[in-house]
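Structure data follow from my_file07.cif (mmCIF, N, CA and C atoms):
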data_data
#
loop_
_atom_site.label_atom_id
_atom_site.label_comp_id
_atom_site.auth_asym_id
_atom_site.auth_seq_id
_atom_site.Cartn_x
_atom_site.Cartn_y
_atom_site.Cartn_z
N MET A 485 62.13 67.93 134.27
CA MET A 485 61.86 66.52 134.43
C MET A 485 62.87 65.90 135.37
N PRO A 486 62.44 65.08 136.32
CA PRO A 486 63.39 64.39 137.18
C PRO A 486 64.19 63.37 136.40
N LYS A 487 65.39 63.10 136.89
CA LYS A 487 66.23 62.10 136.25
C LYS A 487 65.61 60.72 136.47
N PRO A 488 65.80 59.81 135.51
CA PRO A 488 65.26 58.46 135.69
C PRO A 488 65.88 57.79 136.91
N TYR A 489 65.07 57.00 137.60
CA TYR A 489 65.53 56.31 138.79
C TYR A 489 66.34 55.09 138.39
N SER A 490 67.48 54.93 139.01
CA SER A 490 68.32 53.76 138.76
C SER A 490 68.53 53.03 140.07
N SER A 491 68.10 51.77 140.12
CA SER A 491 68.24 51.00 141.36
C SER A 491 69.68 50.55 141.57
N ARG A 492 70.53 50.65 140.56
CA ARG A 492 71.92 50.23 140.69
C ARG A 492 72.76 51.25 141.43
N LYS A 493 72.34 52.48 141.40
CA LYS A 493 73.11 53.55 142.01
C LYS A 493 72.80 53.61 143.50
N SER A 494 73.80 53.50 144.33
CA SER A 494 73.60 53.53 145.78
C SER A 494 73.51 54.97 146.24
N PRO A 495 72.38 55.38 146.82
CA PRO A 495 72.23 56.77 147.22
C PRO A 495 73.04 57.08 148.48
N SER A 496 73.48 58.29 148.56
CA SER A 496 74.14 58.73 149.78
C SER A 496 73.10 59.48 150.60
N PRO A 497 73.27 59.51 151.93
CA PRO A 497 72.29 60.21 152.75
C PRO A 497 72.23 61.69 152.38
N PRO A 498 71.04 62.29 152.40
CA PRO A 498 70.93 63.71 152.09
C PRO A 498 71.76 64.55 153.04
N ARG A 499 72.35 65.61 152.52
CA ARG A 499 73.25 66.45 153.32
C ARG A 499 72.53 67.22 154.42
N ASN A 500 71.24 67.53 154.21
CA ASN A 500 70.55 68.36 155.18
C ASN A 500 70.02 67.60 156.39
N LEU A 501 70.19 66.28 156.42
CA LEU A 501 69.76 65.52 157.59
C LEU A 501 70.78 65.70 158.71
N GLN A 502 70.28 65.86 159.90
CA GLN A 502 71.15 66.03 161.06
C GLN A 502 71.23 64.70 161.80
N GLN A 503 72.07 64.65 162.81
CA GLN A 503 72.16 63.44 163.62
C GLN A 503 70.83 63.21 164.32
N PRO A 504 70.48 61.96 164.59
CA PRO A 504 69.19 61.66 165.22
C PRO A 504 69.03 62.38 166.56
N GLN A 505 67.83 62.84 166.80
CA GLN A 505 67.51 63.51 168.06
C GLN A 505 67.19 62.44 169.10
N THR A 506 67.35 62.79 170.37
CA THR A 506 67.05 61.84 171.42
C THR A 506 65.56 61.82 171.75
N SER A 507 64.87 62.88 171.44
CA SER A 507 63.44 62.95 171.73
C SER A 507 62.65 62.09 170.75
N PRO A 508 61.71 61.26 171.25
CA PRO A 508 60.93 60.42 170.33
C PRO A 508 60.01 61.23 169.43
N SER A 509 59.69 62.47 169.84
CA SER A 509 58.77 63.27 169.03
C SER A 509 59.48 64.00 167.90
N SER A 510 60.80 64.02 167.91
CA SER A 510 61.52 64.73 166.85
C SER A 510 61.81 63.77 165.71
N ARG A 511 61.22 64.04 164.58
CA ARG A 511 61.37 63.17 163.42
C ARG A 511 61.69 64.02 162.21
N GLN A 512 62.38 63.44 161.27
CA GLN A 512 62.64 64.11 160.01
C GLN A 512 62.06 63.25 158.91
N THR A 513 61.48 63.89 157.93
CA THR A 513 60.85 63.17 156.83
C THR A 513 61.59 63.48 155.55
N LEU A 514 61.90 62.45 154.82
CA LEU A 514 62.53 62.58 153.51
C LEU A 514 61.51 62.16 152.47
N LEU A 515 61.14 63.09 151.61
CA LEU A 515 60.16 62.80 150.58
C LEU A 515 60.88 62.67 149.25
N ASP A 516 60.56 61.65 148.52
CA ASP A 516 61.14 61.44 147.20
C ASP A 516 60.14 61.95 146.17
N HIS A 517 60.59 62.87 145.33
CA HIS A 517 59.68 63.47 144.36
C HIS A 517 59.38 62.56 143.20
N ARG A 518 60.10 61.47 143.07
CA ARG A 518 59.90 60.59 141.92
C ARG A 518 58.64 59.76 142.11
N ARG A 519 57.98 59.50 141.01
CA ARG A 519 56.85 58.57 141.04
C ARG A 519 57.43 57.17 140.93
N CYS A 520 57.23 56.38 141.93
CA CYS A 520 57.78 55.02 141.86
C CYS A 520 56.83 54.07 142.57
N ARG A 521 57.00 52.81 142.27
CA ARG A 521 56.17 51.77 142.89
C ARG A 521 56.57 51.60 144.34
N ARG A 522 55.66 51.03 145.11
CA ARG A 522 55.90 50.83 146.53
C ARG A 522 57.13 49.96 146.77
N SER A 523 57.34 48.94 145.93
CA SER A 523 58.51 48.07 146.12
C SER A 523 59.80 48.85 145.92
N ARG A 524 59.81 49.78 144.98
CA ARG A 524 61.00 50.61 144.79
C ARG A 524 61.24 51.50 146.00
N ALA A 525 60.17 52.06 146.53
CA ALA A 525 60.30 52.92 147.71
C ALA A 525 60.84 52.11 148.89
N ARG A 526 60.36 50.89 149.03
CA ARG A 526 60.82 50.03 150.12
C ARG A 526 62.31 49.73 149.97
N ARG A 527 62.73 49.39 148.75
CA ARG A 527 64.16 49.11 148.51
C ARG A 527 65.01 50.35 148.77
N ARG A 528 64.50 51.49 148.36
CA ARG A 528 65.25 52.74 148.57
C ARG A 528 65.41 53.02 150.06
N CYS A 529 64.36 52.79 150.84
CA CYS A 529 64.44 53.02 152.28
C CYS A 529 65.40 52.05 152.95
N GLN A 530 65.47 50.82 152.44
CA GLN A 530 66.37 49.84 153.04
C GLN A 530 67.82 50.25 152.90
N ARG A 531 68.13 51.06 151.90
CA ARG A 531 69.51 51.52 151.74
C ARG A 531 69.91 52.52 152.82
N PHE A 532 68.94 53.18 153.41
CA PHE A 532 69.22 54.13 154.48
C PHE A 532 69.06 53.41 155.82
N ARG A 533 69.82 52.38 156.03
CA ARG A 533 69.73 51.60 157.26
C ARG A 533 70.32 52.39 158.42
N PRO A 534 69.80 52.16 159.63
CA PRO A 534 70.32 52.90 160.79
C PRO A 534 71.82 52.73 160.99
N GLN A 535 72.36 51.53 160.71
CA GLN A 535 73.79 51.33 160.93
C GLN A 535 74.63 52.17 159.97
N ASN A 536 74.08 52.55 158.82
CA ASN A 536 74.82 53.37 157.86
C ASN A 536 74.62 54.86 158.08
N THR A 537 73.40 55.24 158.45
CA THR A 537 73.07 56.66 158.51
C THR A 537 72.70 57.15 159.90
N GLY A 538 72.32 56.24 160.79
CA GLY A 538 71.82 56.65 162.10
C GLY A 538 70.34 56.99 162.08
N PHE A 539 69.68 56.76 160.95
CA PHE A 539 68.26 57.07 160.83
C PHE A 539 67.47 55.83 160.46
N GLU A 540 66.27 55.74 160.98
CA GLU A 540 65.35 54.70 160.55
C GLU A 540 64.57 55.25 159.36
N ALA A 541 64.43 54.48 158.32
CA ALA A 541 63.71 54.94 157.13
C ALA A 541 62.54 54.00 156.86
N ARG A 542 61.36 54.59 156.65
CA ARG A 542 60.17 53.82 156.30
C ARG A 542 59.52 54.48 155.10
N GLU A 543 58.93 53.65 154.24
CA GLU A 543 58.27 54.23 153.08
C GLU A 543 56.84 54.59 153.44
N SER A 544 56.34 55.60 152.78
CA SER A 544 54.95 56.01 152.95
C SER A 544 54.46 56.49 151.59
N VAL A 545 53.46 55.83 151.07
CA VAL A 545 52.94 56.21 149.77
C VAL A 545 51.78 57.17 150.00
N LEU A 546 52.00 58.41 149.61
CA LEU A 546 50.98 59.44 149.80
C LEU A 546 50.10 59.49 148.57
N GLY A 547 48.86 59.82 148.76
CA GLY A 547 47.97 59.91 147.61
C GLY A 547 46.65 60.55 147.96
N HIS A 548 45.85 60.73 146.94
CA HIS A 548 44.56 61.39 147.14
C HIS A 548 43.59 60.52 147.93
N MET A 549 43.85 59.23 148.01
CA MET A 549 42.96 58.36 148.77
C MET A 549 42.95 58.74 150.25
N GLN A 550 44.01 59.41 150.72
CA GLN A 550 44.04 59.81 152.12
C GLN A 550 42.95 60.82 152.44
N ARG A 551 42.49 61.55 151.45
CA ARG A 551 41.44 62.53 151.72
C ARG A 551 40.11 62.13 151.12
N GLY A 552 40.03 60.93 150.59
CA GLY A 552 38.73 60.44 150.17
C GLY A 552 38.52 60.24 148.69
N GLY A 553 39.55 60.19 147.90
CA GLY A 553 39.35 59.89 146.49
C GLY A 553 40.23 60.70 145.57
N SER A 554 40.08 60.45 144.30
CA SER A 554 40.86 61.16 143.29
C SER A 554 40.40 62.61 143.21
N PRO A 555 41.32 63.51 142.84
CA PRO A 555 40.93 64.92 142.74
C PRO A 555 39.96 65.13 141.57
N THR A 556 39.00 65.98 141.81
CA THR A 556 38.05 66.33 140.76
C THR A 556 38.64 67.45 139.91
N THR A 557 37.97 67.77 138.84
CA THR A 557 38.40 68.90 138.00
C THR A 557 38.41 70.18 138.83
N PHE A 558 37.42 70.35 139.69
CA PHE A 558 37.38 71.53 140.56
C PHE A 558 38.63 71.60 141.43
N ASP A 559 39.03 70.47 142.03
CA ASP A 559 40.22 70.43 142.88
C ASP A 559 41.46 70.86 142.10
N ARG A 560 41.59 70.34 140.89
CA ARG A 560 42.77 70.63 140.07
C ARG A 560 42.81 72.10 139.65
N VAL A 561 41.67 72.63 139.25
CA VAL A 561 41.61 74.04 138.84
C VAL A 561 41.87 74.94 140.04
N LEU A 562 41.29 74.61 141.19
CA LEU A 562 41.52 75.40 142.39
C LEU A 562 42.99 75.40 142.77
N ALA A 563 43.63 74.24 142.74
CA ALA A 563 45.06 74.17 143.06
C ALA A 563 45.88 75.00 142.09
N LEU A 564 45.54 74.95 140.82
CA LEU A 564 46.24 75.73 139.81
C LEU A 564 46.07 77.23 140.05
N ARG A 565 44.85 77.65 140.34
CA ARG A 565 44.58 79.08 140.60
C ARG A 565 45.32 79.56 141.83
N LEU A 566 45.25 78.78 142.93
CA LEU A 566 45.93 79.20 144.16
C LEU A 566 47.44 79.23 143.99
N GLY A 567 47.99 78.22 143.31
CA GLY A 567 49.44 78.19 143.08
C GLY A 567 49.90 79.35 142.23
N ALA A 568 49.15 79.66 141.17
CA ALA A 568 49.52 80.78 140.29
C ALA A 568 49.42 82.10 141.04
N HIS A 569 48.38 82.25 141.86
CA HIS A 569 48.22 83.49 142.63
C HIS A 569 49.36 83.65 143.63
N ALA A 570 49.71 82.57 144.31
CA ALA A 570 50.81 82.63 145.28
C ALA A 570 52.13 82.96 144.57
N ALA A 571 52.37 82.35 143.42
CA ALA A 571 53.60 82.63 142.67
C ALA A 571 53.63 84.09 142.21
N ASN A 572 52.51 84.61 141.73
CA ASN A 572 52.46 86.01 141.31
C ASN A 572 52.72 86.96 142.47
N ARG A 573 52.21 86.63 143.65
CA ARG A 573 52.46 87.47 144.83
C ARG A 573 53.95 87.47 145.17
N LEU A 574 54.59 86.31 145.10
CA LEU A 574 56.02 86.23 145.38
C LEU A 574 56.82 87.01 144.35
N ILE A 575 56.46 86.87 143.07
CA ILE A 575 57.16 87.61 142.01
C ILE A 575 57.00 89.11 142.20
N SER A 576 55.85 89.53 142.72
CA SER A 576 55.60 90.95 142.97
C SER A 576 56.31 91.47 144.21
N GLY A 577 57.01 90.59 144.92
CA GLY A 577 57.79 91.03 146.08
C GLY A 577 57.11 90.83 147.42
N PHE A 578 55.97 90.19 147.44
CA PHE A 578 55.26 89.95 148.69
C PHE A 578 55.62 88.56 149.22
N SER A 579 55.72 88.45 150.53
CA SER A 579 55.92 87.15 151.16
C SER A 579 55.24 87.18 152.52
N GLY A 580 55.18 86.04 153.17
CA GLY A 580 54.52 85.98 154.47
C GLY A 580 53.02 86.15 154.36
N GLU A 581 52.45 85.66 153.27
CA GLU A 581 51.02 85.77 153.06
C GLU A 581 50.39 84.40 152.86
N MET A 582 49.10 84.33 153.11
CA MET A 582 48.32 83.13 152.82
C MET A 582 47.37 83.48 151.69
N VAL A 583 47.28 82.61 150.69
CA VAL A 583 46.31 82.84 149.62
C VAL A 583 45.10 81.96 149.87
N GLY A 584 43.97 82.42 149.39
CA GLY A 584 42.74 81.67 149.58
C GLY A 584 41.68 82.12 148.60
N VAL A 585 40.48 81.64 148.82
CA VAL A 585 39.35 81.98 147.96
C VAL A 585 38.26 82.58 148.83
N ASP A 586 37.73 83.71 148.37
CA ASP A 586 36.60 84.36 149.04
C ASP A 586 35.49 84.43 148.01
N GLY A 587 34.50 83.56 148.14
CA GLY A 587 33.49 83.44 147.09
C GLY A 587 34.13 82.78 145.88
N ASN A 588 34.19 83.50 144.77
CA ASN A 588 34.89 83.02 143.58
C ASN A 588 36.19 83.78 143.34
N ASP A 589 36.48 84.75 144.21
CA ASP A 589 37.66 85.60 144.02
C ASP A 589 38.84 85.09 144.84
N LEU A 590 40.03 85.20 144.26
CA LEU A 590 41.25 84.87 145.00
C LEU A 590 41.59 86.02 145.92
N CYS A 591 42.09 85.70 147.10
CA CYS A 591 42.46 86.74 148.06
C CYS A 591 43.79 86.37 148.70
N HIS A 592 44.36 87.31 149.41
CA HIS A 592 45.61 87.07 150.14
C HIS A 592 45.57 87.90 151.42
N ASN A 593 46.10 87.33 152.48
CA ASN A 593 46.15 88.01 153.77
C ASN A 593 47.50 87.77 154.40
N PRO A 594 48.03 88.76 155.12
CA PRO A 594 49.30 88.55 155.82
C PRO A 594 49.14 87.45 156.87
N LEU A 595 50.19 86.65 157.04
CA LEU A 595 50.13 85.57 158.03
C LEU A 595 49.90 86.12 159.43
N SER A 596 50.42 87.32 159.72
CA SER A 596 50.20 87.91 161.05
C SER A 596 48.70 88.11 161.31
N TYR A 597 47.96 88.53 160.28
CA TYR A 597 46.52 88.70 160.42
C TYR A 597 45.83 87.34 160.56
N VAL A 598 46.23 86.39 159.74
CA VAL A 598 45.61 85.07 159.76
C VAL A 598 45.79 84.42 161.13
N LEU A 599 46.99 84.53 161.70
CA LEU A 599 47.27 83.89 162.98
C LEU A 599 46.64 84.62 164.16
N SER A 600 46.34 85.90 164.00
CA SER A 600 45.77 86.66 165.12
C SER A 600 44.24 86.66 165.09
N THR A 601 43.64 86.16 164.04
CA THR A 601 42.20 86.16 163.90
C THR A 601 41.63 84.82 164.35
N GLU A 602 40.65 84.88 165.25
CA GLU A 602 40.01 83.66 165.72
C GLU A 602 38.71 83.46 164.96
N ARG A 603 38.56 82.28 164.39
CA ARG A 603 37.33 81.95 163.67
C ARG A 603 36.73 80.71 164.29
N THR A 604 35.42 80.67 164.33
CA THR A 604 34.74 79.51 164.90
C THR A 604 34.20 78.64 163.77
N ILE A 605 33.98 77.39 164.09
CA ILE A 605 33.42 76.45 163.12
C ILE A 605 31.92 76.38 163.33
N ASP A 606 31.19 76.41 162.24
CA ASP A 606 29.74 76.34 162.27
C ASP A 606 29.32 75.01 162.90
N PRO A 607 28.56 75.03 164.02
CA PRO A 607 28.14 73.79 164.69
C PRO A 607 27.35 72.86 163.76
N GLU A 608 26.61 73.42 162.82
CA GLU A 608 25.85 72.58 161.88
C GLU A 608 26.79 71.77 161.00
N LYS A 609 27.90 72.37 160.59
CA LYS A 609 28.89 71.64 159.78
C LYS A 609 29.57 70.55 160.61
N LEU A 610 29.82 70.82 161.88
CA LEU A 610 30.41 69.80 162.75
C LEU A 610 29.46 68.62 162.90
N LEU A 611 28.17 68.90 162.99
CA LEU A 611 27.18 67.84 163.09
C LEU A 611 27.18 66.99 161.82
N LEU A 612 27.29 67.64 160.66
CA LEU A 612 27.35 66.90 159.40
C LEU A 612 28.60 66.02 159.33
N VAL A 613 29.72 66.54 159.78
CA VAL A 613 30.95 65.75 159.80
C VAL A 613 30.79 64.53 160.68
N ASP A 614 30.18 64.72 161.85
CA ASP A 614 29.96 63.62 162.77
C ASP A 614 29.03 62.57 162.15
N MET A 615 27.99 63.02 161.46
CA MET A 615 27.07 62.10 160.82
C MET A 615 27.76 61.31 159.70
N MET A 616 28.62 61.96 158.93
CA MET A 616 29.31 61.29 157.83
C MET A 616 30.36 60.31 158.34
N ALA A 617 30.96 60.60 159.49
CA ALA A 617 32.02 59.75 160.02
C ALA A 617 31.47 58.48 160.66
N ASN A 618 30.23 58.50 161.07
CA ASN A 618 29.66 57.33 161.76
C ASN A 618 28.72 56.55 160.91
#
Please express the file's structure as C-alpha cells.
Amino acid sequence: MPKPYSSRKSPSPPRNLQQPQTSPSSRQTLLDHRRCRRSRARRRCQRFRPQNTGFEARESVLGHMQRGGSPTTFDRVLALRLGAHAANRLISGFSGEMVGVDGNDLCHNPLSYVLSTERTIDPEKLLLVDMMAN
C-alpha cells in the first residue's frame, strides 16, 4: 500500500531527473502512483517550480476515458491474464519477450521476432475506424 499523501510535506525533486535538455522534443514525465484529486495534483506540480528544479511541471489526469470508457470485465480479466503470463515468463528466466493472445490462448514471442515481422492492417477494419471517427 502506498503511504498516505500529506500536503504539509514538501517533496524534493526525484533523484533520477536530469538537468533540462535544450531540445524541445526531449521531455521527462513524472507519474505519481497515488490516487489523488486533480487539485492535489496541481498543488503537487506547483511545488516543482522551474526556479527550484529547472523543470516545468504540469498535471495530467490519466484514465480510461482516454480510450473510450470504463474498462469492462473482459478488459480487466485480459489485463490480469497478460500480466500473470508476463510475470511467470520473467520468473522462469525469460526476458525480451512480448506477451499476447492468439485466439483464446496466451502466447509469447521474442521482441526480435516481433520487431522484424511486418504485419498489415485489414483495409475493412480501417474503413470501420474511419466510419466510427466521423
I'd like the contact shell of segment 599-603 of chain A - 12 Å cut-off, only C-alpha atoms, skipping same-chain residues fewer than 3 positions apart - returned as a list in words. Gly580, Glu581, Met582, Asn593, Pro594, Leu595, Ser596 and Asp606 of chain A
Distance of atom CA of Met616 of chain A from atom CA of Val585 of chain A, expressed in Å to one decimal place: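 These two atoms are separated by 25.0 Å.
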Within 8 Å of segment 555-571 of chain A, counting only C-alpha atoms, which residues show up once you throw out same-chain ones fewer than 4 positions away? Write them as a short mmCIF file (atom, residue, chain, number, x, y, z; two decimals) with N, CA and C atoms, in the frame of the given file, please.
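And here is the file that came out, selection_29.cif:
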data_model
loop_
_atom_site.label_atom_id
_atom_site.label_comp_id
_atom_site.auth_asym_id
_atom_site.auth_seq_id
_atom_site.Cartn_x
_atom_site.Cartn_y
_atom_site.Cartn_z
N HIS A 548 45.85 60.73 146.94
CA HIS A 548 44.56 61.39 147.14
C HIS A 548 43.59 60.52 147.93
N ILE A 575 56.46 86.87 143.07
CA ILE A 575 57.16 87.61 142.01
C ILE A 575 57.00 89.11 142.20
N MET A 582 49.10 84.33 153.11
CA MET A 582 48.32 83.13 152.82
C MET A 582 47.37 83.48 151.69
N VAL A 583 47.28 82.61 150.69
CA VAL A 583 46.31 82.84 149.62
C VAL A 583 45.10 81.96 149.87
N GLY A 584 43.97 82.42 149.39
CA GLY A 584 42.74 81.67 149.58
C GLY A 584 41.68 82.12 148.60
N LEU A 590 40.03 85.20 144.26
CA LEU A 590 41.25 84.87 145.00
C LEU A 590 41.59 86.02 145.92
#
Distance in Å - atom C of Val613 of chain A versus atom N of His592 of chain A: 28.8 Å
What is the atom CA of Ala617 of chain A to atom CA of Asn588 of chain A distance in Å?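 Computed distance, atom CA of Ala617 of chain A to atom CA of Asn588 of chain A, equals 28.6 Å.
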